[in-house]
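See below for my_file-v5.csv, which holds CSV, C-alpha atoms (C1' of nucleotides).
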```csv
chain,number,residue,atom,x,y,z
A,267,MET,CA,78.7,-77.2,-63.2
A,268,ILE,CA,75.9,-79.2,-64.8
A,269,LEU,CA,73.8,-77.2,-67.2
A,270,GLU,CA,70.8,-78.4,-69.1
A,271,ILE,CA,71.1,-77.8,-72.8
A,272,ASN,CA,68.3,-78.4,-75.2
A,273,SER,CA,69.9,-78.5,-78.6
A,274,SER,CA,66.6,-78.8,-80.3
A,275,SER,CA,65.3,-75.7,-78.7
A,276,SER,CA,64.8,-72.6,-80.8
A,277,THR,CA,66.7,-70.5,-78.3
A,278,PRO,CA,70.4,-70.8,-79.2
A,279,ILE,CA,72.7,-72.7,-76.9
A,280,TYR,CA,74.8,-69.8,-75.9
A,281,LEU,CA,71.8,-67.9,-74.7
A,282,GLN,CA,70.6,-71.0,-72.7
A,283,ILE,CA,74.0,-70.9,-71.0
A,284,VAL,CA,73.7,-67.2,-70.3
A,285,GLU,CA,70.2,-67.6,-68.9
A,286,GLN,CA,71.1,-70.5,-66.6
A,287,ILE,CA,74.1,-68.7,-65.2
A,288,HIS,CA,71.8,-65.7,-64.5
A,289,ARG,CA,69.4,-68.0,-62.6
A,290,ARG,CA,72.1,-69.5,-60.5
A,291,ILE,CA,73.3,-66.1,-59.5
A,292,ALA,CA,69.8,-65.0,-58.8
A,293,ARG,CA,69.2,-67.8,-56.4
A,294,GLY,CA,72.6,-67.5,-54.8
A,295,ALA,CA,74.0,-70.7,-56.1
A,296,LEU,CA,76.8,-68.7,-57.6
A,297,THR,CA,78.4,-65.8,-55.7
A,298,ALA,CA,81.2,-63.4,-56.1
A,299,GLU,CA,84.6,-64.9,-57.0
A,300,ASP,CA,83.2,-68.3,-57.6
A,301,PRO,CA,85.1,-69.8,-60.5
A,302,LEU,CA,83.3,-70.9,-63.7
A,303,PRO,CA,84.5,-73.9,-65.7
A,304,SER,CA,86.9,-73.1,-68.5
A,305,VAL,CA,85.4,-72.7,-71.9
A,306,ARG,CA,86.9,-76.1,-72.9
A,307,GLN,CA,85.8,-77.8,-69.8
A,308,LEU,CA,82.2,-76.7,-70.1
A,309,ALA,CA,82.3,-77.4,-73.9
A,310,LEU,CA,83.4,-81.0,-73.2
A,311,GLU,CA,80.6,-81.5,-70.6
A,312,LEU,CA,78.0,-80.2,-73.0
A,313,THR,CA,79.6,-81.7,-76.1
A,314,ILE,CA,79.6,-78.4,-77.9
A,315,ASN,CA,82.2,-76.2,-79.3
A,316,PRO,CA,84.4,-74.1,-77.0
A,317,ASN,CA,83.5,-71.0,-79.0
A,318,THR,CA,79.9,-71.4,-78.1
A,319,VAL,CA,80.8,-71.3,-74.4
A,320,ALA,CA,83.1,-68.4,-75.1
A,321,ARG,CA,80.3,-66.5,-76.7
A,322,ALA,CA,78.1,-67.0,-73.7
A,323,TYR,CA,80.9,-65.8,-71.4
A,324,LEU,CA,81.5,-62.8,-73.5
A,325,GLU,CA,77.8,-61.8,-73.2
A,326,LEU,CA,77.9,-62.3,-69.4
A,327,GLU,CA,81.1,-60.3,-69.2
A,328,PHE,CA,79.5,-57.5,-71.1
A,329,GLN,CA,76.7,-57.5,-68.7
A,330,GLY,CA,79.1,-57.3,-65.8
A,331,VAL,CA,78.1,-60.6,-64.3
A,332,ILE,CA,81.5,-62.3,-64.7
A,333,TYR,CA,85.0,-61.3,-65.3
A,334,LYS,CA,88.1,-63.0,-66.6
A,335,ARG,CA,91.6,-63.2,-65.3
A,336,GLN,CA,94.0,-63.4,-68.2
A,337,ALA,CA,94.9,-67.0,-69.0
A,338,GLN,CA,93.7,-68.0,-65.6
A,339,GLY,CA,90.0,-68.4,-65.7
A,340,THR,CA,86.6,-66.9,-65.4
A,341,TYR,CA,84.9,-65.8,-62.2
A,342,VAL,CA,81.7,-64.4,-60.9
A,343,SER,CA,81.9,-60.6,-60.5
A,344,PRO,CA,81.5,-59.0,-57.1
A,345,GLY,CA,78.1,-57.4,-57.5
A,346,ALA,CA,77.0,-60.0,-60.0
A,347,GLY,CA,73.5,-60.1,-58.4
A,348,GLU,CA,73.1,-56.4,-58.9
A,349,ALA,CA,74.4,-56.5,-62.4
A,350,SER,CA,72.0,-59.3,-63.2
A,351,ARG,CA,69.1,-57.2,-61.9
A,352,VAL,CA,70.3,-54.2,-63.9
A,353,GLU,CA,70.5,-56.3,-67.0
A,354,ARG,CA,67.0,-57.6,-66.4
A,355,ASP,CA,65.7,-54.1,-66.0
A,356,ARG,CA,67.5,-53.0,-69.1
A,357,MET,CA,65.8,-55.6,-71.2
A,358,VAL,CA,62.4,-54.9,-69.8
A,359,ALA,CA,62.9,-51.2,-70.2
A,360,ALA,CA,63.8,-51.7,-73.9
A,361,LEU,CA,60.6,-53.6,-74.4
A,362,PHE,CA,58.5,-50.9,-72.9
A,363,ALA,CA,60.4,-48.2,-74.8
A,364,ARG,CA,59.6,-50.0,-78.0
A,365,ALA,CA,56.0,-50.3,-77.2
A,366,ILE,CA,55.6,-46.7,-76.3
A,367,SER,CA,57.5,-45.4,-79.3
A,368,GLU,CA,55.6,-47.6,-81.8
A,369,ALA,CA,52.3,-46.5,-80.3
A,370,ALA,CA,53.3,-42.8,-80.5
A,371,SER,CA,54.4,-43.2,-84.1
A,372,PHE,CA,51.0,-44.5,-84.9
A,373,GLY,CA,49.5,-41.3,-83.6
A,374,MET,CA,48.1,-42.7,-80.4
A,375,THR,CA,47.5,-40.1,-77.7
A,376,PRO,CA,49.2,-40.5,-74.3
A,377,GLU,CA,45.8,-41.4,-72.8
A,378,GLU,CA,45.2,-44.1,-75.3
A,379,ILE,CA,48.6,-45.6,-74.8
A,380,ASP,CA,48.2,-45.6,-71.1
A,381,GLY,CA,44.8,-47.2,-71.5
A,382,VAL,CA,46.3,-50.0,-73.5
A,383,TYR,CA,49.0,-50.5,-70.9
A,384,GLN,CA,46.5,-50.6,-68.0
A,385,LYS,CA,44.3,-53.1,-69.9
A,386,GLN,CA,47.2,-55.4,-70.6
A,387,TRP,CA,48.2,-55.2,-67.0
A,388,ARG,CA,44.8,-56.2,-65.9
A,389,ALA,CA,44.8,-59.0,-68.4
A,390,HIS,CA,48.1,-60.3,-67.1
A,391,ARG,CA,46.8,-61.5,-63.7
B,42,MET,CA,46.8,-45.8,-107.0
B,43,ILE,CA,50.3,-44.6,-107.0
B,44,LEU,CA,52.4,-46.1,-104.1
B,45,GLU,CA,56.0,-45.5,-103.2
B,46,ILE,CA,57.9,-48.7,-103.0
B,47,ASN,CA,61.5,-48.7,-101.8
B,48,SER,CA,62.8,-52.0,-102.9
B,49,SER,CA,66.1,-51.5,-101.1
B,50,SER,CA,64.4,-50.9,-97.8
B,51,SER,CA,64.7,-53.5,-95.1
B,52,THR,CA,60.9,-53.5,-94.6
B,53,PRO,CA,59.4,-55.9,-97.1
B,54,ILE,CA,57.5,-54.7,-100.0
B,55,TYR,CA,54.2,-56.3,-99.0
B,56,LEU,CA,54.4,-54.5,-95.6
B,57,GLN,CA,55.1,-51.2,-97.3
B,58,ILE,CA,51.9,-51.7,-99.3
B,59,VAL,CA,50.0,-52.5,-96.2
B,60,GLU,CA,51.3,-49.5,-94.4
B,61,GLN,CA,50.5,-47.1,-97.2
B,62,ILE,CA,47.0,-48.3,-97.6
B,63,HIS,CA,46.5,-47.9,-93.8
B,64,ARG,CA,47.7,-44.3,-94.1
B,65,ARG,CA,45.4,-43.5,-96.9
B,66,ILE,CA,42.5,-44.8,-95.0
B,67,ALA,CA,43.6,-42.9,-91.9
B,68,ARG,CA,43.6,-39.6,-93.7
B,69,GLY,CA,40.4,-40.3,-95.6
B,70,ALA,CA,41.9,-40.7,-99.0
B,71,LEU,CA,40.3,-44.1,-99.1
B,72,THR,CA,36.8,-44.7,-97.8
B,73,ALA,CA,34.3,-47.4,-97.6
B,74,GLU,CA,33.6,-49.3,-100.8
B,75,ASP,CA,36.4,-47.6,-102.7
B,76,PRO,CA,37.9,-50.1,-105.1
B,77,LEU,CA,41.5,-51.1,-104.9
B,78,PRO,CA,43.5,-51.9,-108.0
B,79,SER,CA,43.6,-55.6,-108.9
B,80,VAL,CA,46.6,-57.6,-107.8
B,81,ARG,CA,47.9,-57.7,-111.3
B,82,GLN,CA,47.3,-54.1,-112.0
B,83,LEU,CA,49.1,-52.9,-108.9
B,84,ALA,CA,51.9,-55.5,-109.5
B,85,LEU,CA,52.3,-54.0,-113.0
B,86,GLU,CA,52.6,-50.5,-111.7
B,87,LEU,CA,55.1,-51.4,-109.1
B,88,THR,CA,56.9,-54.0,-111.3
B,89,ILE,CA,56.6,-56.6,-108.7
B,90,ASN,CA,55.0,-60.0,-108.6
B,91,PRO,CA,51.2,-60.3,-108.2
B,92,ASN,CA,51.7,-62.6,-105.4
B,93,THR,CA,53.4,-59.9,-103.4
B,94,VAL,CA,50.4,-57.7,-103.8
B,95,ALA,CA,48.1,-60.6,-103.0
B,96,ARG,CA,50.0,-61.1,-99.8
B,97,ALA,CA,49.5,-57.5,-98.8
B,98,TYR,CA,45.8,-57.7,-99.6
B,99,LEU,CA,45.6,-60.9,-97.5
B,100,GLU,CA,47.0,-59.1,-94.5
B,101,LEU,CA,44.7,-56.2,-94.9
B,102,GLU,CA,41.7,-58.4,-95.3
B,103,PHE,CA,42.7,-60.3,-92.2
B,104,GLN,CA,42.8,-57.0,-90.4
B,105,GLY,CA,39.3,-56.2,-91.6
B,106,VAL,CA,40.4,-53.2,-93.6
B,107,ILE,CA,39.4,-54.5,-97.0
B,108,TYR,CA,37.3,-57.2,-98.4
B,109,LYS,CA,37.0,-59.1,-101.7
B,110,ARG,CA,34.2,-59.8,-104.0
B,111,GLN,CA,34.8,-63.1,-105.6
B,112,ALA,CA,36.4,-62.7,-109.0
B,113,GLN,CA,35.3,-59.1,-109.0
B,114,GLY,CA,37.8,-57.1,-107.1
B,115,THR,CA,38.9,-55.7,-103.7
B,116,TYR,CA,37.3,-52.9,-101.8
B,117,VAL,CA,37.7,-50.9,-98.7
B,118,SER,CA,35.6,-52.3,-95.9
B,119,PRO,CA,32.8,-50.2,-94.3
B,120,GLY,CA,34.4,-49.3,-91.0
B,121,ALA,CA,37.9,-49.6,-92.3
B,122,GLY,CA,38.9,-46.6,-90.2
B,123,GLU,CA,37.7,-48.3,-87.1
B,124,ALA,CA,39.4,-51.6,-88.1
B,125,SER,CA,42.6,-49.8,-88.8
B,126,ARG,CA,42.5,-48.3,-85.3
B,127,VAL,CA,41.7,-51.7,-83.8
B,128,GLU,CA,44.6,-53.2,-85.6
B,129,ARG,CA,46.9,-50.5,-84.3
B,130,ASP,CA,45.7,-51.0,-80.7
B,131,ARG,CA,46.1,-54.8,-81.1
B,132,MET,CA,49.7,-54.4,-82.2
B,133,VAL,CA,50.5,-52.0,-79.3
B,134,ALA,CA,48.7,-54.2,-76.9
B,135,ALA,CA,50.8,-57.2,-78.0
B,136,LEU,CA,54.0,-55.2,-77.4
B,137,PHE,CA,52.9,-54.3,-73.9
B,138,ALA,CA,51.8,-57.8,-73.1
B,139,ARG,CA,55.2,-59.1,-74.1
B,140,ALA,CA,57.0,-56.6,-72.0
B,141,ILE,CA,54.9,-57.4,-68.9
B,142,SER,CA,55.1,-61.2,-69.2
B,143,GLU,CA,58.8,-61.1,-69.8
B,144,ALA,CA,59.3,-58.9,-66.8
B,145,ALA,CA,57.1,-61.2,-64.7
B,146,SER,CA,58.9,-64.3,-65.8
B,147,PHE,CA,62.1,-62.7,-64.6
B,148,GLY,CA,60.7,-62.3,-61.1
B,149,MET,CA,60.1,-58.6,-61.1
B,150,THR,CA,57.4,-57.4,-58.8
B,151,PRO,CA,54.4,-55.5,-60.0
B,152,GLU,CA,55.9,-52.3,-58.5
B,153,GLU,CA,59.2,-52.8,-60.2
B,154,ILE,CA,57.5,-53.4,-63.5
B,155,ASP,CA,55.3,-50.3,-63.2
B,156,GLY,CA,58.4,-48.3,-62.2
B,157,VAL,CA,60.2,-49.3,-65.4
B,158,TYR,CA,57.1,-48.4,-67.4
B,159,GLN,CA,56.8,-45.0,-65.7
B,160,LYS,CA,60.5,-44.3,-66.3
B,161,GLN,CA,60.3,-45.1,-70.0
B,162,TRP,CA,57.2,-43.0,-70.3
B,163,ARG,CA,59.1,-40.1,-68.8
B,164,ALA,CA,62.1,-40.8,-71.0
B,165,HIS,CA,59.9,-40.7,-74.1
B,166,ARG,CA,59.0,-37.1,-74.1
C,118,DT,C1',112.2,-73.5,-70.3
C,119,DT,C1',108.4,-76.0,-71.3
C,120,DA,C1',104.1,-78.2,-70.7
C,121,DA,C1',99.5,-77.5,-69.7
C,122,DC,C1',96.3,-74.8,-69.0
C,123,DT,C1',93.6,-70.2,-69.7
C,124,DG,C1',90.8,-67.1,-73.2
C,125,DT,C1',90.8,-65.0,-78.3
C,126,DA,C1',90.6,-64.3,-83.2
C,127,DT,C1',89.5,-65.7,-87.8
C,128,DT,C1',87.2,-68.0,-91.0
C,129,DA,C1',84.0,-71.5,-92.9
C,130,DT,C1',79.9,-74.3,-92.7
C,131,DT,C1',75.3,-75.0,-91.8
C,132,DT,C1',70.7,-74.0,-91.1
C,133,DC,C1',66.7,-71.6,-91.4
C,134,DA,C1',63.2,-68.3,-92.3
C,135,DG,C1',61.5,-64.6,-95.0
C,136,DG,C1',60.5,-62.6,-99.1
C,137,DC,C1',59.4,-62.9,-103.7
C,138,DG,C1',58.5,-64.7,-108.2
C,139,DA,C1',56.8,-68.3,-112.0
C,140,DT,C1',53.1,-70.6,-113.1
C,141,DA,C1',49.0,-73.1,-113.1
C,142,DC,C1',44.3,-73.1,-111.1
C,143,DA,C1',39.4,-71.5,-110.1
C,144,DG,C1',35.5,-68.3,-110.0
C,145,DT,C1',32.5,-64.6,-112.1
C,146,DG,C1',30.4,-61.8,-115.5
C,147,DA,C1',29.7,-59.3,-120.0
D,134,DT,C1',33.8,-68.0,-124.3
D,135,DC,C1',36.9,-64.3,-123.2
D,136,DA,C1',38.8,-61.4,-120.1
D,137,DC,C1',39.1,-60.3,-116.0
D,138,DT,C1',39.1,-61.3,-110.8
D,139,DG,C1',41.8,-63.7,-106.6
D,140,DT,C1',44.3,-68.3,-105.1
D,141,DA,C1',47.4,-72.2,-104.5
D,142,DT,C1',51.7,-74.5,-105.0
D,143,DC,C1',56.2,-74.7,-105.6
D,144,DG,C1',60.9,-73.3,-105.7
D,145,DC,C1',64.6,-70.1,-105.6
D,146,DC,C1',67.4,-66.7,-103.4
D,147,DT,C1',69.4,-64.2,-99.9
D,148,DG,C1',70.8,-62.7,-95.6
D,149,DA,C1',71.4,-63.5,-90.9
D,150,DA,C1',72.4,-66.2,-87.0
D,151,DA,C1',74.5,-70.1,-84.7
D,152,DT,C1',78.0,-73.1,-84.4
D,153,DA,C1',82.3,-75.3,-85.4
D,154,DA,C1',87.4,-76.0,-86.9
D,155,DT,C1',91.5,-74.4,-86.1
D,156,DA,C1',95.3,-71.6,-85.1
D,157,DC,C1',97.0,-67.9,-81.9
D,158,DA,C1',98.5,-65.6,-77.5
D,159,DG,C1',99.1,-65.1,-72.5
D,160,DT,C1',100.0,-67.1,-67.7
D,161,DT,C1',101.6,-70.3,-64.4
D,162,DA,C1',104.0,-73.9,-62.2
D,163,DA,C1',107.0,-77.9,-62.4
```
Is it possible to give me this structure as structure tokens?
Amino acid sequence: MILEINSSSSTPIYLQIVEQIHRRIARGALTAEDPLPSVRQLALELTINPNTVARAYLELEFQGVIYKRQAQGTYVSPGAGEASRVERDRMVAALFARAISEAASFGMTPEEIDGVYQKQWRAHR
Amino acid sequence: MILEINSSSSTPIYLQIVEQIHRRIARGALTAEDPLPSVRQLALELTINPNTVARAYLELEFQGVIYKRQAQGTYVSPGAGEASRVERDRMVAALFARAISEAASFGMTPEEIDGVYQKQWRAHR
DNA sequence: TTAACTGTATTATTTCAGGCGATACAGTGA
DNA sequence: TCACTGTATCGCCTGAAATAATACAGTTAA
């Protein structure tokens, strides 16, 4: 398991790990029941602290993407792909919810809010 | 100019000032060419540092809501109401832009993204 | 049973950004 | 020139986040 860690990046190491595992699952490079390296093993490879890897695994476990067998190792969950997609949707949904509630709290009408959304959508392409 | 400052709030003082000025303009309590208290004056009233007031005024000036006459004072801009609305739209637009670009970078299709938006919109009411 | 491996818990260190204040500077006008 | 405007520079403080050091606890196989 070779991961690319940019320690001078502003995004923390543990999140870089989370993200890269997500990507591997998305493109099928990791599938159900595949074992992940132990926290110590991966920590050695990346020359970081085992706790940092553990934190990444904790996050991934919370998201339902991986699971642990006590004192045995860490594995990709069955349905990791689905879980990964759910997580992605959850994050995007949170961003939209924030935008909508902020707008509403500023007294924008539904039409105005939708107008801004449509405009950004057009601007995106 | 009596403002309510909650120094134990998590939102910084200078933003509390910005927000309250915005509100006064929105409800017409402040209109074009109305003078604002000097940075020292307001700082005295609120028992904070003049720099903190200056920072709030800087932000409001950047937003086009107020303007300064050199060594003379600070005044509400003509069209402050409009500027205030523009600023509001700008902020909301930024939130939507963020949501859309994040979603796209995660490989969501336009349909999926719009679906999430619609769902949040329904959830909001 | 014990050695060698899993993950976990606790606590400390470090870093960094934000917010705010002290203080000195610069422009304007009565 | 005095008294008032806003400005610039600098430094301190604090809180949160990230990471690390280290000790703990469970499983498995020789």
I'd like a table as JSON lines: residues in chain D with an atom no more than 12 Å from chain B, each row giving the shortest atom pair and its distance in Å to one decimal, all atoms listed in the file counted, sorted by chain and rising residue number.
```
{"residue": "D:DA136", "atom": "C1'", "partner": "B:Ala112", "partner_atom": "CA", "distance": 11.4}
{"residue": "D:DC137", "atom": "C1'", "partner": "B:Ala112", "partner_atom": "CA", "distance": 7.9}
{"residue": "D:DT138", "atom": "C1'", "partner": "B:Ala112", "partner_atom": "CA", "distance": 3.5}
{"residue": "D:DG139", "atom": "C1'", "partner": "B:Ala112", "partner_atom": "CA", "distance": 6.0}
{"residue": "D:DT140", "atom": "C1'", "partner": "B:Ala95", "partner_atom": "CA", "distance": 8.8}
{"residue": "D:DA141", "atom": "C1'", "partner": "B:Asn92", "partner_atom": "CA", "distance": 10.6}
{"residue": "D:DT142", "atom": "C1'", "partner": "B:Asn92", "partner_atom": "CA", "distance": 11.9}
{"residue": "D:DG148", "atom": "C1'", "partner": "B:Ser51", "partner_atom": "CA", "distance": 11.0}
```
Inset, instruction - Go ahead and compute the interatomic distance for atom C1' of DA162 of chain D and atom C1' of DG124 of chain C, in Å to one decimal. - result: 18.5 Å
Could you list, as a PDB file with C-alpha atoms, in the frame of the given file, every residue of chain B that has an atom within 10 Å of an atom of chain A, counting only C-alpha atoms?
```pdb
ATOM      1  CA  ARG B  64      47.700 -44.300 -94.100  1.00  0.00           C
ATOM      2  CA  ARG B 126      42.500 -48.300 -85.300  1.00  0.00           C
ATOM      3  CA  ARG B 129      46.900 -50.500 -84.300  1.00  0.00           C
ATOM      4  CA  ASP B 130      45.700 -51.000 -80.700  1.00  0.00           C
ATOM      5  CA  ARG B 131      46.100 -54.800 -81.100  1.00  0.00           C
ATOM      6  CA  MET B 132      49.700 -54.400 -82.200  1.00  0.00           C
ATOM      7  CA  VAL B 133      50.500 -52.000 -79.300  1.00  0.00           C
ATOM      8  CA  ALA B 134      48.700 -54.200 -76.900  1.00  0.00           C
ATOM      9  CA  ALA B 135      50.800 -57.200 -78.000  1.00  0.00           C
ATOM     10  CA  LEU B 136      54.000 -55.200 -77.400  1.00  0.00           C
ATOM     11  CA  PHE B 137      52.900 -54.300 -73.900  1.00  0.00           C
ATOM     12  CA  ALA B 138      51.800 -57.800 -73.100  1.00  0.00           C
ATOM     13  CA  ARG B 139      55.200 -59.100 -74.100  1.00  0.00           C
ATOM     14  CA  ALA B 140      57.000 -56.600 -72.000  1.00  0.00           C
ATOM     15  CA  ILE B 141      54.900 -57.400 -68.900  1.00  0.00           C
ATOM     16  CA  SER B 142      55.100 -61.200 -69.200  1.00  0.00           C
ATOM     17  CA  GLU B 143      58.800 -61.100 -69.800  1.00  0.00           C
ATOM     18  CA  ALA B 144      59.300 -58.900 -66.800  1.00  0.00           C
ATOM     19  CA  ALA B 145      57.100 -61.200 -64.700  1.00  0.00           C
ATOM     20  CA  PHE B 147      62.100 -62.700 -64.600  1.00  0.00           C
ATOM     21  CA  GLY B 148      60.700 -62.300 -61.100  1.00  0.00           C
ATOM     22  CA  MET B 149      60.100 -58.600 -61.100  1.00  0.00           C
ATOM     23  CA  PRO B 151      54.400 -55.500 -60.000  1.00  0.00           C
ATOM     24  CA  GLU B 153      59.200 -52.800 -60.200  1.00  0.00           C
ATOM     25  CA  ILE B 154      57.500 -53.400 -63.500  1.00  0.00           C
ATOM     26  CA  ASP B 155      55.300 -50.300 -63.200  1.00  0.00           C
ATOM     27  CA  GLY B 156      58.400 -48.300 -62.200  1.00  0.00           C
ATOM     28  CA  VAL B 157      60.200 -49.300 -65.400  1.00  0.00           C
ATOM     29  CA  TYR B 158      57.100 -48.400 -67.400  1.00  0.00           C
ATOM     30  CA  GLN B 159      56.800 -45.000 -65.700  1.00  0.00           C
ATOM     31  CA  LYS B 160      60.500 -44.300 -66.300  1.00  0.00           C
ATOM     32  CA  GLN B 161      60.300 -45.100 -70.000  1.00  0.00           C
ATOM     33  CA  TRP B 162      57.200 -43.000 -70.300  1.00  0.00           C
ATOM     34  CA  ALA B 164      62.100 -40.800 -71.000  1.00  0.00           C
ATOM     35  CA  HIS B 165      59.900 -40.700 -74.100  1.00  0.00           C
ATOM     36  CA  ARG B 166      59.000 -37.100 -74.100  1.00  0.00           C
TER      37      ARG B 166
END
```
For the contact check between chain C and chain A, emit one row per residue of chain C within 12 Å, containing the shortest atom pair and the distance in Å rounded to one decimal, counting only C-alpha atoms (C1' of nucleotides), chain then rising number order, as a tab-separated table.
```
residue	atom	partner	partner_atom	distance
C:DA121	C1'	A:Ala337	CA	11.5
C:DC122	C1'	A:Ala337	CA	7.9
C:DT123	C1'	A:Ala337	CA	3.5
C:DG124	C1'	A:Ala337	CA	5.9
C:DT125	C1'	A:Ala320	CA	9.0
C:DA126	C1'	A:Asn317	CA	10.6
C:DT127	C1'	A:Asn317	CA	11.9
C:DT132	C1'	A:Ser276	CA	12.0
C:DC133	C1'	A:Ser276	CA	10.8
```
Legend entry - Coordinates-based distance that separates atom CA of Glu74 of chain B from atom CA of Tyr116 of chain B (Å, one decimal):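 Value for the atom CA of Tyr116 of chain B-atom CA of Glu74 of chain B distance: 5.3 Å.
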Legend entry - Interatomic distance, atom CA of Val319 of chain A to atom C1' of DA120 of chain C (Å, one decimal): 24.6 Å
Reference chain B, mobile chain A, all Cα atoms fitted, written as a compact mmCIF listing (two decimals) with C-alpha atoms, keeping the file's coordinate frame:
```txt
# COMPACT_ATOMS: atom_id res chain seq x y z
CA MET A 267 46.94 -45.56 -106.81
CA ILE A 268 50.58 -44.52 -106.61
CA LEU A 269 52.47 -46.16 -103.79
CA GLU A 270 56.05 -45.59 -102.86
CA ILE A 271 58.02 -48.79 -102.68
CA ASN A 272 61.54 -48.95 -101.43
CA SER A 273 62.87 -52.26 -102.61
CA SER A 274 66.08 -51.79 -100.79
CA SER A 275 64.35 -51.28 -97.53
CA SER A 276 64.58 -53.96 -94.87
CA THR A 277 60.83 -53.92 -94.40
CA PRO A 278 59.37 -56.30 -97.01
CA ILE A 279 57.38 -54.88 -99.88
CA TYR A 280 54.13 -56.42 -98.96
CA LEU A 281 54.23 -54.86 -95.55
CA GLN A 282 55.08 -51.41 -97.12
CA ILE A 283 51.90 -51.85 -99.17
CA VAL A 284 49.89 -52.78 -96.11
CA GLU A 285 51.23 -49.82 -94.15
CA GLN A 286 50.54 -47.28 -96.90
CA ILE A 287 47.01 -48.48 -97.38
CA HIS A 288 46.51 -48.12 -93.59
CA ARG A 289 47.76 -44.50 -93.78
CA ARG A 290 45.48 -43.60 -96.60
CA ILE A 291 42.52 -44.92 -94.72
CA ALA A 292 43.62 -43.14 -91.63
CA ARG A 293 43.71 -39.82 -93.34
CA GLY A 294 40.51 -40.42 -95.23
CA ALA A 295 42.03 -40.70 -98.62
CA LEU A 296 40.42 -44.08 -98.90
CA THR A 297 36.87 -44.70 -97.64
CA ALA A 298 34.35 -47.42 -97.58
CA GLU A 299 33.63 -49.13 -100.93
CA ASP A 300 36.44 -47.42 -102.67
CA PRO A 301 37.92 -49.89 -105.11
CA LEU A 302 41.60 -50.94 -104.90
CA PRO A 303 43.60 -51.74 -108.03
CA SER A 304 43.65 -55.38 -109.01
CA VAL A 305 46.58 -57.38 -107.84
CA ARG A 306 47.94 -57.40 -111.44
CA GLN A 307 47.35 -53.78 -111.97
CA LEU A 308 49.16 -52.71 -108.83
CA ALA A 309 51.92 -55.32 -109.54
CA LEU A 310 52.49 -53.77 -112.99
CA GLU A 311 52.68 -50.21 -111.53
CA LEU A 312 55.19 -51.30 -108.93
CA THR A 313 56.98 -53.78 -111.19
CA ILE A 314 56.62 -56.57 -108.69
CA ASN A 315 54.97 -59.86 -108.69
CA PRO A 316 51.17 -60.12 -108.41
CA ASN A 317 51.57 -62.53 -105.50
CA THR A 318 53.30 -59.90 -103.49
CA VAL A 319 50.29 -57.60 -103.89
CA ALA A 320 48.03 -60.52 -103.14
CA ARG A 321 49.85 -61.17 -99.93
CA ALA A 322 49.42 -57.60 -98.84
CA TYR A 323 45.69 -57.77 -99.64
CA LEU A 324 45.31 -60.95 -97.76
CA GLU A 325 46.84 -59.33 -94.63
CA LEU A 326 44.52 -56.30 -94.98
CA GLU A 327 41.56 -58.59 -95.47
CA PHE A 328 42.45 -60.45 -92.34
CA GLN A 329 42.53 -57.26 -90.50
CA GLY A 330 39.11 -56.34 -91.80
CA VAL A 331 40.26 -53.29 -93.66
CA ILE A 332 39.30 -54.53 -97.15
CA TYR A 333 37.16 -57.15 -98.62
CA LYS A 334 36.97 -58.92 -101.94
CA ARG A 335 34.14 -59.58 -104.29
CA GLN A 336 34.71 -62.87 -106.05
CA ALA A 337 36.39 -62.35 -109.42
CA GLN A 338 35.33 -58.76 -109.33
CA GLY A 339 37.78 -56.84 -107.29
CA THR A 340 38.89 -55.58 -103.96
CA TYR A 341 37.28 -52.81 -101.95
CA VAL A 342 37.67 -50.86 -98.80
CA SER A 343 35.52 -52.30 -95.98
CA PRO A 344 32.77 -50.23 -94.41
CA GLY A 345 34.30 -49.55 -91.02
CA ALA A 346 37.81 -49.76 -92.39
CA GLY A 347 38.88 -46.79 -90.20
CA GLU A 348 37.72 -48.57 -87.10
CA ALA A 349 39.29 -51.81 -88.10
CA SER A 350 42.55 -50.01 -88.75
CA ARG A 351 42.43 -48.51 -85.25
CA VAL A 352 41.63 -51.91 -83.75
CA GLU A 353 44.53 -53.44 -85.58
CA ARG A 354 46.81 -50.69 -84.34
CA ASP A 355 45.69 -51.27 -80.80
CA ARG A 356 46.14 -54.97 -81.18
CA MET A 357 49.74 -54.59 -82.16
CA VAL A 358 50.51 -52.15 -79.42
CA ALA A 359 48.75 -54.31 -76.90
CA ALA A 360 50.88 -57.32 -77.95
CA LEU A 361 53.99 -55.30 -77.39
CA PHE A 362 52.99 -54.30 -73.93
CA ALA A 363 51.85 -57.84 -73.11
CA ARG A 364 55.26 -59.08 -74.07
CA ALA A 365 57.01 -56.57 -71.99
CA ILE A 366 54.97 -57.25 -68.94
CA SER A 367 55.21 -61.01 -69.22
CA GLU A 368 59.00 -61.01 -69.78
CA ALA A 369 59.46 -58.72 -66.79
CA ALA A 370 57.27 -60.97 -64.58
CA SER A 371 59.17 -64.06 -65.68
CA PHE A 372 62.32 -62.42 -64.54
CA GLY A 373 60.86 -62.08 -61.08
CA MET A 374 60.24 -58.37 -61.19
CA THR A 375 57.61 -57.17 -58.73
CA PRO A 376 54.55 -55.27 -60.03
CA GLU A 377 56.00 -52.07 -58.52
CA GLU A 378 59.26 -52.49 -60.29
CA ILE A 379 57.62 -53.14 -63.59
CA ASP A 380 55.43 -50.15 -63.24
CA GLY A 381 58.45 -48.08 -62.32
CA VAL A 382 60.19 -49.12 -65.49
CA TYR A 383 57.11 -48.27 -67.52
CA GLN A 384 56.74 -44.81 -65.93
CA LYS A 385 60.45 -44.07 -66.51
CA GLN A 386 60.27 -45.04 -70.15
CA TRP A 387 57.22 -42.90 -70.54
CA ARG A 388 58.98 -39.96 -69.11
CA ALA A 389 61.93 -40.63 -71.34
CA HIS A 390 59.73 -40.72 -74.40
CA ARG A 391 58.83 -36.99 -74.41
```
Inset, instruction - Find the residues around Ser273 of chain A up to 12 Å (all atoms listed in the file counted), leave out those fewer than 5 positions away in its own chain, and share them as a list in words. - result: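 Selected residues are Pro278, Ile279, Tyr280, Leu281, Gln282, Ile283, Leu312, Thr313 and Ile314 of chain A; DA151 and DT152 of chain D.
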